[in-house]
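Q: Take a look at this one; I'll ask things after.
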Amino acid sequence: RMVSQKITVNNPSGLHLRPAGILCNEAIKYSSAINSLEGGTANAKSVLSVLGACVKCGDEIELVCEGADEQEALKALTDAISSGLGE
């Protein structure tokens, strides 16, 4: 089983290094596997993987969490993205 949710990235410059780092720092707090799907799969626990997904402002991504704390992980990451990841 797993949980997923679609969310729109509203950061003016998309998921560049700083917000990608904040997203990864949040993701690594959880034991669940966390991926984002946007024309491919990016590991949310890897800054390089998130940067490689080239997510731009206005892009809709799907967060997929699978593991023991998947619900908590999904909530934390969607909240972080909604709040602008520090921007």
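Ordering of the structure tokens sets the chain letters (A, B, ...); residue numbers start at 1 within each chain; ligands are numbered from 1 in the order shown.
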Would you pick out the contacts of Glu38 of chain A at 8 Å or less, using only C-alpha atoms, so that residues sharing its chain but fewer than 6 positions from it are not included, and give the list as a PyMOL selection string?

A: chain A and resi 53+55+60-62

Q: As a ChimeraX atom specification, please: every residue in chain A that DSSP puts in alpha helix (DSSP H).

A: /A:17-27,47-52,70-82

Q: Have a look at A:Ile81, A:Leu37, A:Met2, A:Cys65 and name the one nearest to Ile22 of chain A; count only C-alpha atoms.

A: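 That would be A:Ile81, the residue with the smallest distance to Ile22 of chain A.
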
Q: Residues within 12 Å of Arg1 of chain A, please, as a VMD selection string. Count only C-alpha atoms; anything in the same chain fewer than 5 positions from it doesn't count.

A: chain A and resid 32 to 33 64 to 71

Q: Compile the contact shell of Gly14 of chain A as a list in words: residues with an atom at most 9 Å away, counting only C-alpha atoms, same-chain residues fewer than 6 positions apart removed.

A: Ala20, Cys54, Val55, Lys56, Cys57, Gly58 and Asp59 of chain A

Q: Show me, as a compact mmCIF listing (two decimals) with N, CA and C atoms, in the first residue's frame, the residues that have an atom within 9 Å of Gly84 of chain A when counting only C-alpha atoms, minus same-chain residues fewer than 3 positions from it.

A:
# COMPACT_ATOMS: atom_id res chain seq x y z
N VAL A 9 3.58 23.17 -7.54
CA VAL A 9 4.74 23.87 -7.00
C VAL A 9 4.60 25.36 -7.34
N ASN A 10 4.57 26.21 -6.30
CA ASN A 10 4.36 27.64 -6.52
C ASN A 10 5.61 28.48 -6.35
N ASN A 11 6.75 27.85 -6.08
CA ASN A 11 7.98 28.62 -5.93
C ASN A 11 8.27 29.35 -7.24
N PRO A 19 15.21 25.36 -2.28
CA PRO A 19 13.97 24.64 -1.92
C PRO A 19 14.10 23.12 -2.09
N ASP A 79 2.65 19.99 3.08
CA ASP A 79 2.65 21.25 3.85
C ASP A 79 3.88 22.10 3.49
N ALA A 80 5.04 21.46 3.40
CA ALA A 80 6.27 22.18 3.08
C ALA A 80 6.20 22.81 1.70
N ILE A 81 5.70 22.06 0.72
CA ILE A 81 5.59 22.59 -0.64
C ILE A 81 4.56 23.72 -0.68
N GLU A 87 10.67 30.04 0.69
CA GLU A 87 10.80 31.21 -0.20
C GLU A 87 9.62 32.15 -0.04

Q: Using only C-alpha atoms, pick whichever of A:Ala73, A:Ala44, A:Ser82, A:Ser4 has the shortest atom-to-atom distance to Leu23 of chain A.

A: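 Smallest distance to Leu23 of chain A is found for A:Ala44.
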
Q: DSSP on the backbone, then: every residue of chain A marked strand (DSSP E), written as a list in words.

A: Val3, Ser4, Gln5, Lys6, Ile7, Thr8, Ala33, Ile34, Asn35, Ser36, Leu37, Thr41, Ala42, Asn43, Glu60, Ile61, Glu62, Leu63, Val64, Cys65 and Glu66 of chain A

Q: Env of Leu51 of chain A: 7 Å cut, atoms = only C-alpha atoms, seq-sep filter 6 positions within chain, self excluded. Answer as a tab-separated table (two decimals) with all heavy atoms, in the first residue's frame.

A:
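Saved the output as out_1.tsv:
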chain	number	residue	atom	x	y	z
A	15	LEU	N	11.82	24.20	-8.24
A	15	LEU	CA	12.60	23.50	-7.22
A	15	LEU	C	14.09	23.60	-7.56
A	15	LEU	O	14.71	22.64	-8.01
A	15	LEU	CB	12.16	22.04	-7.10
A	15	LEU	CG	10.77	21.82	-6.52
A	15	LEU	CD1	10.48	20.33	-6.36
A	15	LEU	CD2	10.58	22.53	-5.20
A	16	HIS	N	14.66	24.79	-7.35
A	16	HIS	CA	16.11	24.95	-7.53
A	16	HIS	C	16.80	24.52	-6.24
A	16	HIS	O	16.17	23.95	-5.35
A	16	HIS	CB	16.45	26.38	-7.96
A	16	HIS	CG	16.03	27.42	-6.96
A	16	HIS	ND1	16.85	27.83	-5.93
A	16	HIS	CD2	14.89	28.11	-6.82
A	16	HIS	CE1	16.22	28.74	-5.21
A	16	HIS	NE2	15.02	28.92	-5.73
A	17	LEU	N	18.08	24.78	-6.10
A	17	LEU	CA	18.88	24.17	-5.04
A	17	LEU	C	18.35	24.39	-3.62
A	17	LEU	O	18.23	23.44	-2.87
A	17	LEU	CB	20.33	24.68	-5.14
A	17	LEU	CG	21.33	23.94	-4.27
A	17	LEU	CD1	21.30	22.45	-4.53
A	17	LEU	CD2	22.73	24.47	-4.50
A	20	ALA	N	14.91	22.67	-3.03
A	20	ALA	CA	15.12	21.23	-3.18
A	20	ALA	C	15.80	20.68	-1.93
A	20	ALA	O	15.46	19.60	-1.44
A	20	ALA	CB	15.96	20.93	-4.43

Q: Which neighbours of segment 24-27 of chain A fall inside 10 Å, counting only C-alpha atoms, when residues of the same chain fewer than 6 positions from it are skipped, and could you give them as a PDB file with N, CA, C and O atoms, in the first residue's frame?

A:
ATOM      1  N   ARG A  18      18.020  25.630  -3.255  1.00  0.00           N
ATOM      2  CA  ARG A  18      17.602  25.874  -1.870  1.00  0.00           C
ATOM      3  C   ARG A  18      16.294  25.165  -1.516  1.00  0.00           C
ATOM      4  O   ARG A  18      16.251  24.411  -0.552  1.00  0.00           O
ATOM      5  N   ALA A  33       9.673   5.357   1.668  1.00  0.00           N
ATOM      6  CA  ALA A  33      10.212   5.752   0.361  1.00  0.00           C
ATOM      7  C   ALA A  33       9.336   6.888  -0.140  1.00  0.00           C
ATOM      8  O   ALA A  33       8.104   6.807  -0.101  1.00  0.00           O
ATOM      9  N   ILE A  34       9.958   7.986  -0.581  1.00  0.00           N
ATOM     10  CA  ILE A  34       9.200   9.160  -1.022  1.00  0.00           C
ATOM     11  C   ILE A  34       9.698   9.550  -2.402  1.00  0.00           C
ATOM     12  O   ILE A  34      10.875   9.852  -2.596  1.00  0.00           O
ATOM     13  N   ASN A  35       8.793   9.534  -3.366  1.00  0.00           N
ATOM     14  CA  ASN A  35       9.146   9.899  -4.732  1.00  0.00           C
ATOM     15  C   ASN A  35       8.170  10.933  -5.250  1.00  0.00           C
ATOM     16  O   ASN A  35       7.042  11.030  -4.796  1.00  0.00           O
ATOM     17  N   ASN A  43      13.677  10.778  -6.529  1.00  0.00           N
ATOM     18  CA  ASN A  43      13.755  10.398  -5.125  1.00  0.00           C
ATOM     19  C   ASN A  43      13.785  11.684  -4.301  1.00  0.00           C
ATOM     20  O   ASN A  43      14.731  12.455  -4.393  1.00  0.00           O
ATOM     21  N   ALA A  44      12.744  11.907  -3.489  1.00  0.00           N
ATOM     22  CA  ALA A  44      12.648  13.159  -2.721  1.00  0.00           C
ATOM     23  C   ALA A  44      13.732  13.267  -1.652  1.00  0.00           C
ATOM     24  O   ALA A  44      13.923  14.335  -1.081  1.00  0.00           O
ATOM     25  N   LYS A  45      14.451  12.188  -1.372  1.00  0.00           N
ATOM     26  CA  LYS A  45      15.517  12.230  -0.370  1.00  0.00           C
ATOM     27  C   LYS A  45      16.874  12.568  -0.988  1.00  0.00           C
ATOM     28  O   LYS A  45      17.872  12.641  -0.287  1.00  0.00           O
ATOM     29  N   SER A  46      16.912  12.784  -2.296  1.00  0.00           N
ATOM     30  CA  SER A  46      18.154  13.103  -2.997  1.00  0.00           C
ATOM     31  C   SER A  46      18.043  14.461  -3.677  1.00  0.00           C
ATOM     32  O   SER A  46      17.220  14.651  -4.572  1.00  0.00           O
ATOM     33  N   VAL A  47      18.869  15.412  -3.244  1.00  0.00           N
ATOM     34  CA  VAL A  47      18.834  16.753  -3.838  1.00  0.00           C
ATOM     35  C   VAL A  47      19.090  16.666  -5.342  1.00  0.00           C
ATOM     36  O   VAL A  47      18.397  17.309  -6.133  1.00  0.00           O
ATOM     37  N   LEU A  48      20.073  15.875  -5.749  1.00  0.00           N
ATOM     38  CA  LEU A  48      20.389  15.772  -7.181  1.00  0.00           C
ATOM     39  C   LEU A  48      19.226  15.190  -7.971  1.00  0.00           C
ATOM     40  O   LEU A  48      18.953  15.625  -9.090  1.00  0.00           O
ATOM     41  N   SER A  49      18.536  14.228  -7.390  1.00  0.00           N
ATOM     42  CA  SER A  49      17.384  13.624  -8.055  1.00  0.00           C
ATOM     43  C   SER A  49      16.259  14.655  -8.228  1.00  0.00           C
ATOM     44  O   SER A  49      15.652  14.760  -9.292  1.00  0.00           O
ATOM     45  N   VAL A  50      16.009  15.443  -7.162  1.00  0.00           N
ATOM     46  CA  VAL A  50      14.965  16.480  -7.232  1.00  0.00           C
ATOM     47  C   VAL A  50      15.346  17.552  -8.249  1.00  0.00           C
ATOM     48  O   VAL A  50      14.529  17.967  -9.072  1.00  0.00           O
ATOM     49  N   CYS A  65       4.309   8.262  -1.321  1.00  0.00           N
ATOM     50  CA  CYS A  65       5.010   7.817  -0.110  1.00  0.00           C
ATOM     51  C   CYS A  65       4.606   6.379   0.187  1.00  0.00           C
ATOM     52  O   CYS A  65       3.428   6.039   0.117  1.00  0.00           O
ATOM     53  N   ALA A  73       4.600  11.425   6.415  1.00  0.00           N
ATOM     54  CA  ALA A  73       5.547  11.944   5.426  1.00  0.00           C
ATOM     55  C   ALA A  73       4.819  12.743   4.354  1.00  0.00           C
ATOM     56  O   ALA A  73       5.243  13.852   3.990  1.00  0.00           O
ATOM     57  N   LEU A  74       3.716  12.208   3.853  1.00  0.00           N
ATOM     58  CA  LEU A  74       2.954  12.898   2.806  1.00  0.00           C
ATOM     59  C   LEU A  74       2.443  14.239   3.315  1.00  0.00           C
ATOM     60  O   LEU A  74       2.561  15.255   2.628  1.00  0.00           O
ATOM     61  N   ALA A  76       3.642  16.111   5.807  1.00  0.00           N
ATOM     62  CA  ALA A  76       4.749  17.034   6.042  1.00  0.00           C
ATOM     63  C   ALA A  76       5.261  17.628   4.735  1.00  0.00           C
ATOM     64  O   ALA A  76       5.537  18.833   4.640  1.00  0.00           O
ATOM     65  N   LEU A  77       5.381  16.800   3.702  1.00  0.00           N
ATOM     66  CA  LEU A  77       5.935  17.286   2.427  1.00  0.00           C
ATOM     67  C   LEU A  77       4.945  18.165   1.676  1.00  0.00           C
ATOM     68  O   LEU A  77       5.339  19.169   1.091  1.00  0.00           O
ATOM     69  N   ALA A  80       5.040  21.462   3.396  1.00  0.00           N
ATOM     70  CA  ALA A  80       6.273  22.182   3.085  1.00  0.00           C
ATOM     71  C   ALA A  80       6.203  22.807   1.700  1.00  0.00           C
ATOM     72  O   ALA A  80       6.572  23.978   1.511  1.00  0.00           O
ATOM     73  N   LEU A  85       8.464  26.236   0.677  1.00  0.00           N
ATOM     74  CA  LEU A  85       9.811  25.707   0.934  1.00  0.00           C
ATOM     75  C   LEU A  85      10.809  26.807   1.266  1.00  0.00           C
ATOM     76  O   LEU A  85      11.898  26.874   0.714  1.00  0.00           O
TER      77      LEU A  85
END
